[in-house]
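Note: the block below is target_36.cif and it holds mmCIF, C-alpha atoms.
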```
data_upload
loop_
_atom_site.label_atom_id
_atom_site.label_comp_id
_atom_site.auth_asym_id
_atom_site.auth_seq_id
_atom_site.Cartn_x
_atom_site.Cartn_y
_atom_site.Cartn_z
CA MET A 815 0.00 0.00 0.00
CA VAL A 816 1.02 3.62 -0.46
CA ILE A 817 1.26 6.48 2.06
CA ASP A 818 1.43 10.04 0.73
CA ALA A 819 3.06 12.36 3.28
CA THR A 820 4.17 15.11 0.91
CA GLY A 821 1.65 17.77 1.93
CA ASN A 822 1.70 18.91 -1.70
CA PRO A 823 -1.74 18.67 -3.37
CA GLU A 824 -0.43 18.18 -6.91
CA THR A 825 2.11 15.52 -5.92
CA GLY A 826 -0.48 13.85 -3.70
CA ALA A 827 -3.05 13.75 -6.48
CA ILE A 828 -0.63 12.16 -8.93
CA MET A 829 0.60 9.66 -6.34
CA ALA A 830 -2.92 8.69 -5.25
CA LEU A 831 -4.14 8.19 -8.81
CA ALA A 832 -1.10 6.02 -9.60
CA ALA A 833 -1.66 3.92 -6.46
CA ILE A 834 -5.34 3.42 -7.25
CA ALA A 835 -4.61 2.56 -10.90
CA ASN A 836 -2.24 -0.15 -9.64
CA GLY A 837 -4.72 -1.58 -7.17
CA LYS A 838 -2.99 -0.25 -4.06
CA PRO A 839 -4.75 1.27 -1.02
CA ILE A 840 -3.74 4.89 -0.41
CA VAL A 841 -3.37 6.66 2.95
CA MET A 842 -3.35 10.43 2.56
CA LEU A 843 -1.30 12.26 5.16
CA ASN A 844 -1.97 15.18 2.82
CA VAL A 845 -5.02 17.09 4.01
CA GLU A 846 -4.41 19.81 1.42
CA ALA A 847 -5.01 17.35 -1.42
CA ASP A 848 -7.93 15.72 0.36
CA ILE A 849 -9.97 18.92 0.76
CA THR A 850 -9.35 19.87 -2.87
CA ILE A 851 -10.13 16.63 -4.72
CA GLY A 852 -10.41 13.92 -2.05
CA ARG A 853 -13.95 12.95 -2.97
CA TYR A 854 -12.83 12.29 -6.55
CA LEU A 855 -9.94 10.14 -5.32
CA HIS A 856 -12.31 8.29 -2.98
CA GLU A 857 -14.72 7.63 -5.84
CA GLN A 858 -11.91 6.33 -8.06
CA ALA A 859 -10.70 4.08 -5.25
CA GLN A 860 -14.19 2.66 -4.76
CA ARG A 861 -14.44 1.87 -8.46
CA ALA A 862 -11.06 0.13 -8.32
CA GLY A 863 -12.01 -1.81 -5.20
CA VAL A 864 -9.29 -0.31 -3.02
CA ILE A 865 -9.31 1.86 0.11
CA TYR A 866 -8.76 5.61 0.09
CA THR A 867 -8.40 7.07 3.58
CA GLY A 868 -7.22 10.04 5.55
CA ALA A 869 -4.42 9.34 8.00
CA ALA A 870 -4.74 8.46 11.66
CA GLY A 871 -2.67 10.74 13.88
CA ASP A 872 -3.52 13.96 12.06
CA GLU A 873 -6.06 16.18 13.84
CA PRO A 874 -8.98 15.50 11.45
CA ALA A 875 -8.88 11.73 11.93
CA ALA A 876 -8.26 12.14 15.66
CA ALA A 877 -11.31 14.40 15.93
CA LEU A 878 -13.36 11.89 13.93
CA GLU A 879 -12.54 9.24 16.53
CA LEU A 880 -14.20 11.40 19.20
CA ILE A 881 -17.13 12.28 16.93
CA GLY A 882 -17.79 8.63 16.12
CA PHE A 883 -17.49 7.69 19.80
CA ALA A 884 -19.99 10.38 20.81
CA GLN A 885 -22.43 9.42 18.06
CA SER A 886 -22.27 5.76 19.07
CA LEU A 887 -23.35 6.82 22.58
CA GLY A 888 -26.29 8.76 21.18
CA LEU A 889 -24.91 12.17 22.17
CA THR A 890 -25.63 15.26 20.08
CA ILE A 891 -22.55 16.79 18.42
CA VAL A 892 -22.42 20.52 19.11
CA CYS A 893 -18.91 21.37 17.90
CA ALA A 894 -15.70 19.53 17.07
CA GLY A 895 -12.21 20.75 16.37
CA LYS A 896 -8.65 21.22 17.55
CA GLY A 897 -6.30 23.44 19.48
CA LYS A 898 -4.12 25.78 17.43
CA ASN A 899 -0.50 24.78 18.01
CA ASN A 900 1.48 27.89 17.01
CA PRO A 901 0.89 31.58 17.73
CA LEU A 902 -1.66 32.78 15.17
CA LYS A 903 -0.38 35.45 12.77
CA PHE A 904 -2.57 35.75 9.68
CA ASP A 905 -0.12 37.89 7.68
CA ALA A 906 2.95 35.66 8.17
CA VAL A 907 5.07 35.03 5.06
CA PRO A 908 7.87 32.44 4.53
CA GLY A 909 10.61 35.04 4.08
CA ASP A 910 10.21 36.18 7.68
CA TYR A 911 10.62 32.67 9.09
CA GLU A 912 13.64 31.26 7.26
CA ALA A 913 15.88 31.39 10.35
CA GLU A 914 13.31 29.80 12.67
CA ALA A 915 12.55 27.11 10.10
CA LYS A 916 16.24 26.27 9.83
CA LEU A 917 16.56 25.95 13.62
CA ARG A 918 13.54 23.63 13.69
CA ASN A 919 14.75 21.62 10.66
CA MET A 920 11.62 22.61 8.74
CA ASN A 921 10.70 24.12 5.41
CA ALA A 922 9.79 27.81 5.93
CA ARG A 923 6.72 27.45 3.74
CA MET A 924 5.39 24.58 5.84
CA LEU A 925 6.16 26.45 9.07
CA VAL A 926 4.15 29.46 7.88
CA GLU A 927 1.22 27.22 6.95
CA PHE A 928 0.99 26.42 10.66
CA ILE A 929 1.53 30.01 11.86
CA ASP A 930 -0.83 31.89 9.51
CA GLY A 931 -3.76 29.56 10.13
CA SER A 932 -3.72 27.85 6.72
CA LYS A 933 -3.21 24.39 8.17
CA THR A 934 -5.92 24.90 10.77
CA MET A 935 -8.44 26.05 8.16
CA VAL A 936 -7.57 23.13 5.87
CA GLU A 937 -7.95 20.63 8.71
CA MET A 938 -11.31 22.05 9.80
CA VAL A 939 -12.56 21.79 6.20
CA ALA A 940 -11.46 18.15 6.17
CA ILE A 941 -13.48 17.45 9.33
CA ALA A 942 -16.48 19.32 7.90
CA ASN A 943 -16.43 17.47 4.59
CA ALA A 944 -16.10 14.09 6.31
CA THR A 945 -18.95 14.68 8.78
CA GLY A 946 -21.33 17.38 7.56
CA LEU A 947 -20.43 19.66 10.48
CA VAL A 948 -20.01 23.23 9.23
CA PRO A 949 -18.08 26.42 10.07
CA ASP A 950 -20.43 28.72 12.00
CA VAL A 951 -18.98 31.87 10.39
CA PRO A 952 -16.32 32.45 7.71
CA GLY A 953 -12.93 31.76 9.31
CA MET A 954 -14.68 30.24 12.34
CA HIS A 955 -14.55 31.85 15.79
CA GLY A 956 -11.22 30.55 17.09
CA PRO A 957 -11.84 31.65 20.68
CA ALA A 958 -9.19 31.80 23.40
CA ALA A 959 -11.07 29.13 25.34
CA GLY A 960 -8.95 26.97 27.61
CA ARG A 961 -9.45 23.24 27.87
CA ASP A 962 -11.89 23.57 30.78
CA GLU A 963 -13.82 26.37 29.04
CA LEU A 964 -14.56 24.71 25.70
CA ALA A 965 -17.98 23.41 26.77
CA ASP A 966 -18.96 26.92 27.92
CA VAL A 967 -17.74 28.81 24.86
CA LEU A 968 -18.18 26.60 21.77
CA VAL A 969 -21.91 26.17 22.35
CA PRO A 970 -24.97 28.11 21.08
CA ARG A 971 -25.37 31.80 21.95
CA SER A 972 -28.70 31.02 23.55
CA LYS A 973 -26.73 29.05 26.15
CA GLY A 974 -24.02 31.65 26.67
CA GLY A 975 -21.60 30.52 23.95
CA VAL A 976 -20.44 31.98 20.64
CA LEU A 977 -22.13 29.67 18.11
CA ASN A 978 -25.22 30.58 16.13
CA ARG A 979 -26.16 26.91 15.90
CA ALA A 980 -25.08 23.43 16.88
CA GLY A 981 -23.27 21.07 14.53
CA CYS A 982 -20.13 23.13 13.85
CA VAL A 983 -16.38 22.83 13.42
CA ASP A 984 -14.08 25.33 15.10
CA TYR A 985 -10.71 25.70 16.77
CA SER A 986 -9.37 27.22 19.98
CA ILE A 987 -6.24 29.19 20.75
CA GLY A 988 -6.85 28.79 24.48
CA LYS A 989 -4.43 27.35 27.01
CA GLY A 990 -4.15 23.59 27.31
CA VAL A 991 -6.07 22.68 24.14
CA ALA A 992 -3.23 22.19 21.64
CA PRO A 993 -2.00 19.71 20.57
CA GLY A 994 -5.30 18.03 21.35
CA VAL A 995 -8.67 17.66 19.65
CA PHE A 996 -12.13 18.00 21.15
CA CYS A 997 -15.78 17.23 20.60
CA ILE A 998 -18.43 19.23 22.47
CA VAL A 999 -21.54 17.15 23.03
CA GLU A 1000 -24.99 17.61 24.54
CA ALA A 1001 -26.84 15.06 26.63
CA ASP A 1002 -30.63 15.46 26.48
CA HIS A 1003 -31.81 13.16 29.26
CA PRO A 1004 -31.60 14.03 32.98
CA ARG A 1005 -30.12 10.65 33.86
CA LEU A 1006 -27.42 10.97 31.20
CA ILE A 1007 -26.53 14.46 32.39
CA GLU A 1008 -26.42 13.24 35.98
CA ARG A 1009 -24.03 10.40 35.11
CA MET A 1010 -21.76 12.61 32.97
CA ILE A 1011 -21.49 15.11 35.82
CA ASP A 1012 -20.87 12.34 38.34
CA LEU A 1013 -18.13 10.95 36.11
CA LYS A 1014 -16.38 14.37 36.16
CA VAL A 1015 -16.84 15.02 32.43
CA GLY A 1016 -18.22 18.50 33.09
CA LYS A 1017 -21.10 20.38 34.64
CA GLY A 1018 -23.57 19.90 31.76
CA PRO A 1019 -25.70 20.05 29.78
CA TYR A 1020 -22.72 20.46 27.42
CA PHE A 1021 -19.61 18.34 27.86
CA SER A 1022 -16.19 18.34 26.24
CA LEU A 1023 -14.73 15.02 25.12
CA PHE A 1024 -11.03 15.64 24.78
CA ARG A 1025 -7.98 13.89 23.40
CA PRO A 1026 -4.87 15.74 24.61
CA TYR A 1027 -2.55 14.64 21.82
CA HIS A 1028 -2.24 13.59 18.21
CA LEU A 1029 0.85 11.67 17.21
CA THR A 1030 0.87 12.55 13.51
CA SER A 1031 3.16 10.25 11.54
CA LEU A 1032 3.56 7.83 14.45
CA GLU A 1033 -0.11 6.84 14.09
CA VAL A 1034 -0.24 6.69 10.30
CA PRO A 1035 0.71 2.97 10.19
CA LEU A 1036 -2.60 2.29 11.98
CA SER A 1037 -4.46 3.57 8.93
CA ALA A 1038 -2.29 1.40 6.71
CA ALA A 1039 -3.16 -1.64 8.82
CA HIS A 1040 -6.87 -0.78 8.87
CA ALA A 1041 -6.91 -0.38 5.09
CA VAL A 1042 -4.96 -3.56 4.27
CA LEU A 1043 -6.08 -5.95 7.00
CA HIS A 1044 -9.65 -4.80 7.61
CA LYS A 1045 -10.52 -3.01 4.34
CA ARG A 1046 -11.61 -0.02 6.43
CA ALA A 1047 -10.98 3.71 6.01
CA ASP A 1048 -10.37 5.98 9.00
CA MET A 1049 -11.62 9.09 7.20
CA VAL A 1050 -13.22 9.74 3.82
CA PRO A 1051 -14.95 12.82 2.40
CA LEU A 1052 -18.69 12.98 1.79
CA ASP A 1053 -19.99 12.91 -1.78
CA HIS A 1054 -20.59 16.68 -1.72
CA PRO A 1055 -18.67 19.32 0.24
CA VAL A 1056 -20.16 21.43 3.03
CA ALA A 1057 -17.14 23.69 3.59
CA GLU A 1058 -14.29 25.19 1.61
CA ALA A 1059 -10.89 26.74 2.36
CA VAL A 1060 -10.52 30.05 0.51
CA ALA A 1061 -7.25 31.87 -0.19
CA LEU A 1062 -6.89 35.50 0.92
CA ALA A 1063 -4.36 37.94 -0.50
CA LYS A 1064 -1.80 38.96 2.13
CA ARG A 1065 -0.76 41.94 0.02
CA ASP A 1066 -2.09 43.80 -3.00
CA LEU A 1067 -1.74 41.60 -6.09
CA LYS A 1068 -1.24 43.03 -9.57
CA GLN A 1069 -2.74 41.71 -12.77
CA GLY A 1070 -0.34 39.27 -14.42
CA GLU A 1071 1.35 38.06 -11.22
CA THR A 1072 1.81 34.32 -10.71
CA LEU A 1073 1.28 33.09 -7.17
CA GLY A 1074 4.20 31.38 -5.46
CA GLY A 1075 5.88 30.98 -2.12
CA LEU A 1076 2.95 29.84 0.00
CA PRO A 1077 -0.20 29.06 -2.04
CA VAL A 1078 -1.61 25.53 -1.89
CA GLY A 1079 -4.34 23.71 -3.78
CA LEU A 1080 -5.85 25.63 -6.66
CA ALA A 1081 -3.85 28.75 -5.76
CA GLU A 1082 -0.57 27.03 -6.60
CA LYS A 1083 0.93 28.74 -9.68
CA ALA A 1084 -2.37 30.55 -10.31
CA LYS A 1085 -2.28 33.76 -12.38
CA VAL A 1086 -3.86 37.01 -11.22
CA VAL A 1087 -6.16 38.32 -13.98
CA LYS A 1088 -7.63 41.28 -12.07
CA PRO A 1089 -6.04 43.42 -9.33
CA VAL A 1090 -6.68 41.98 -5.87
CA LYS A 1091 -6.56 44.08 -2.69
CA ALA A 1092 -4.94 42.70 0.45
CA GLY A 1093 -7.47 40.80 2.54
CA THR A 1094 -9.63 39.98 -0.49
CA CYS A 1095 -10.61 36.44 -1.45
CA LEU A 1096 -9.06 34.87 -4.52
CA THR A 1097 -11.79 33.67 -6.88
CA TYR A 1098 -12.10 32.23 -10.36
CA GLU A 1099 -12.95 35.77 -11.51
CA ASN A 1100 -9.73 37.42 -10.31
CA CYS A 1101 -7.26 34.53 -10.26
CA VAL A 1102 -7.07 31.66 -12.77
CA PRO A 1103 -5.71 28.25 -11.66
CA ASP A 1104 -2.91 26.62 -13.63
CA ASP A 1105 -4.45 24.23 -16.18
CA GLY A 1106 -1.17 22.36 -16.33
CA LEU A 1107 -1.82 20.87 -12.90
CA THR A 1108 -3.66 17.57 -12.52
CA ILE A 1109 -5.42 18.87 -9.43
CA THR A 1110 -6.83 21.86 -11.35
CA ARG A 1111 -8.33 19.69 -14.08
CA ILE A 1112 -9.90 17.28 -11.59
CA ARG A 1113 -11.31 20.07 -9.45
CA ARG A 1114 -12.91 21.69 -12.50
CA ARG A 1115 -14.79 18.47 -13.16
CA LEU A 1116 -15.92 18.35 -9.53
CA ASP A 1117 -17.10 21.97 -9.67
CA GLN A 1118 -19.09 21.25 -12.81
CA ALA A 1119 -20.67 18.19 -11.19
CA ASP A 1120 -21.54 20.27 -8.09
CA ALA A 1121 -23.19 22.91 -10.28
CA ARG A 1122 -25.34 20.23 -11.93
CA PHE A 1123 -26.21 18.75 -8.52
CA LEU A 1124 -27.29 22.14 -7.14
CA ALA A 1125 -29.31 22.91 -10.28
CA ALA A 1126 -31.12 19.58 -9.96
CA ALA A 1127 -31.78 20.18 -6.26
CA GLU A 1128 -33.40 23.52 -7.02
#
```
Would it be possible to restate this file's structure as structure tokens?
Amino acid sequence: MVIDATGNPETGAIMALAAIANGKPIVMLNVEADITIGRYLHEQAQRAGVIYTGAAGDEPAAALELIGFAQSLGLTIVCAGKGKNNPLKFDAVPGDYEAEAKLRNMNARMLVEFIDGSKTMVEMVAIANATGLVPDVPGMHGPAAGRDELADVLVPRSKGGVLNRAGCVDYSIGKGVAPGVFCIVEADHPRLIERMIDLKVGKGPYFSLFRPYHLTSLEVPLSAAHAVLHKRADMVPLDHPVAEAVALAKRDLKQGETLGGLPVGLAEKAKVVKPVKAGTCLTYENCVPDDGLTITRIRRRLDQADARFLAAAE
């Protein structure tokens, strides 16, 4: 079987398609590729009779473990997510982190993906598109809620929290949450609430199920074993997406510029066709993806299929 740990969507797409074409299960430790075209790769794997799966040990799969556990107990999922590991600086660029990256034996581009929130947004989209949970607001709330405060903050506003609804994905920059994942649940029966309180889970009616760690690559072999020995995936995307990660310009972009340095997914090597102000979303109208990339061509087919699906639904 094949494990893709490149973190590069284009490389991951090519590797996954080659694995599937050769009848090999594929474990994607490449969330960037998964949120862009994962459902296409999953469909191709199903047709070939092999397993396509996200990787155990990364936050999305770790969060899904808690979500599945809670659902199996009949608890209502209010919010699920992760703690943000690094200090959050939305305008970070690789050039400012070369020295730190060298000290940490990392690529500066990858380091900035963690610092500027890109990785967090990508991972939350992966959870959303595997479960149907949705971001409550664009960019999510990302409160500074500590581990013991999650069940007070990431709950509906009507109950004193920040959410407009239940059934969301979000992240926290609060103390003691990273590098863990969480799932906020609601118990709706007095006896259940009584037992959860007695078992020191929280004070109710909302409770935080918490895993204080994720072991990234150390856990990935578990997904390989599940796929090969049990023909089971740890995480797969739904047939249709419920969330999307959108690129924002960190500086003013001029017509004719080609994106480089940090962009991932469809933004990789994309060309700016209209001026874009800093803080503005990149769209198909102002920035054209590179047709030379496999991931661009596949995503276009998915977008067209989504448009037909929405038209039929209306």
Of the candidates A:Pro908, A:Gly895, A:Gly837, A:Pro1103, which one gets nearest to His955 (chain A) if we count all atoms listed in the file?
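Distance minimum relative to His955 (chain A) lands on A:Gly895.
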Check what the PyMOL selection byres ((chain A and resi 904-907) around 6) selects in the file above and give those residues as a PyMOL selection string.
chain A and resi 903+908-910+930+1064
Can you work out which one of A:Gly882, A:Gly1016, A:Gly956, A:Pro1077 has the shortest atom-to-atom distance to Asn822 (chain A), counting all atoms listed in the file?
A:Pro1077
Calculate how many Å separate CA of Ile1007 (chain A) from CA of Ala958 (chain A), rounding to one decimal.
26.1 Å
Would you kindly translate the PyMOL selection byres ((chain A and resi 864-869) around 8) into the concrete residues it picks from this file, as a ChimeraX atom specification?
/A:834,837-845,848,855-856,859-863,870-872,875,1033-1034,1037,1041,1045-1050
With the PyMOL selection byres ((chain A and resi 885) around 12) as the selection, what would be picked from this file? Answer as a PyMOL selection string, please.
chain A and resi 878-884+886-892+945+997-1001+1023
At what distance in Å, to one decimal, does CA of Val1086 (chain A) lie from CA of Tyr911 (chain A)?
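Computing it gives 25.3 Å between the two atoms.
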In Å to one decimal, how far is CA of Arg853 (chain A) from CA of Arg1113 (chain A)?
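Distance between the two atoms: 10.0 Å.
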Nearest to Leu1116 (chain A): which of A:Gly953, A:Gly1093, A:Gly975, A:Pro1055 is it, counting only C-alpha atoms?
A:Pro1055
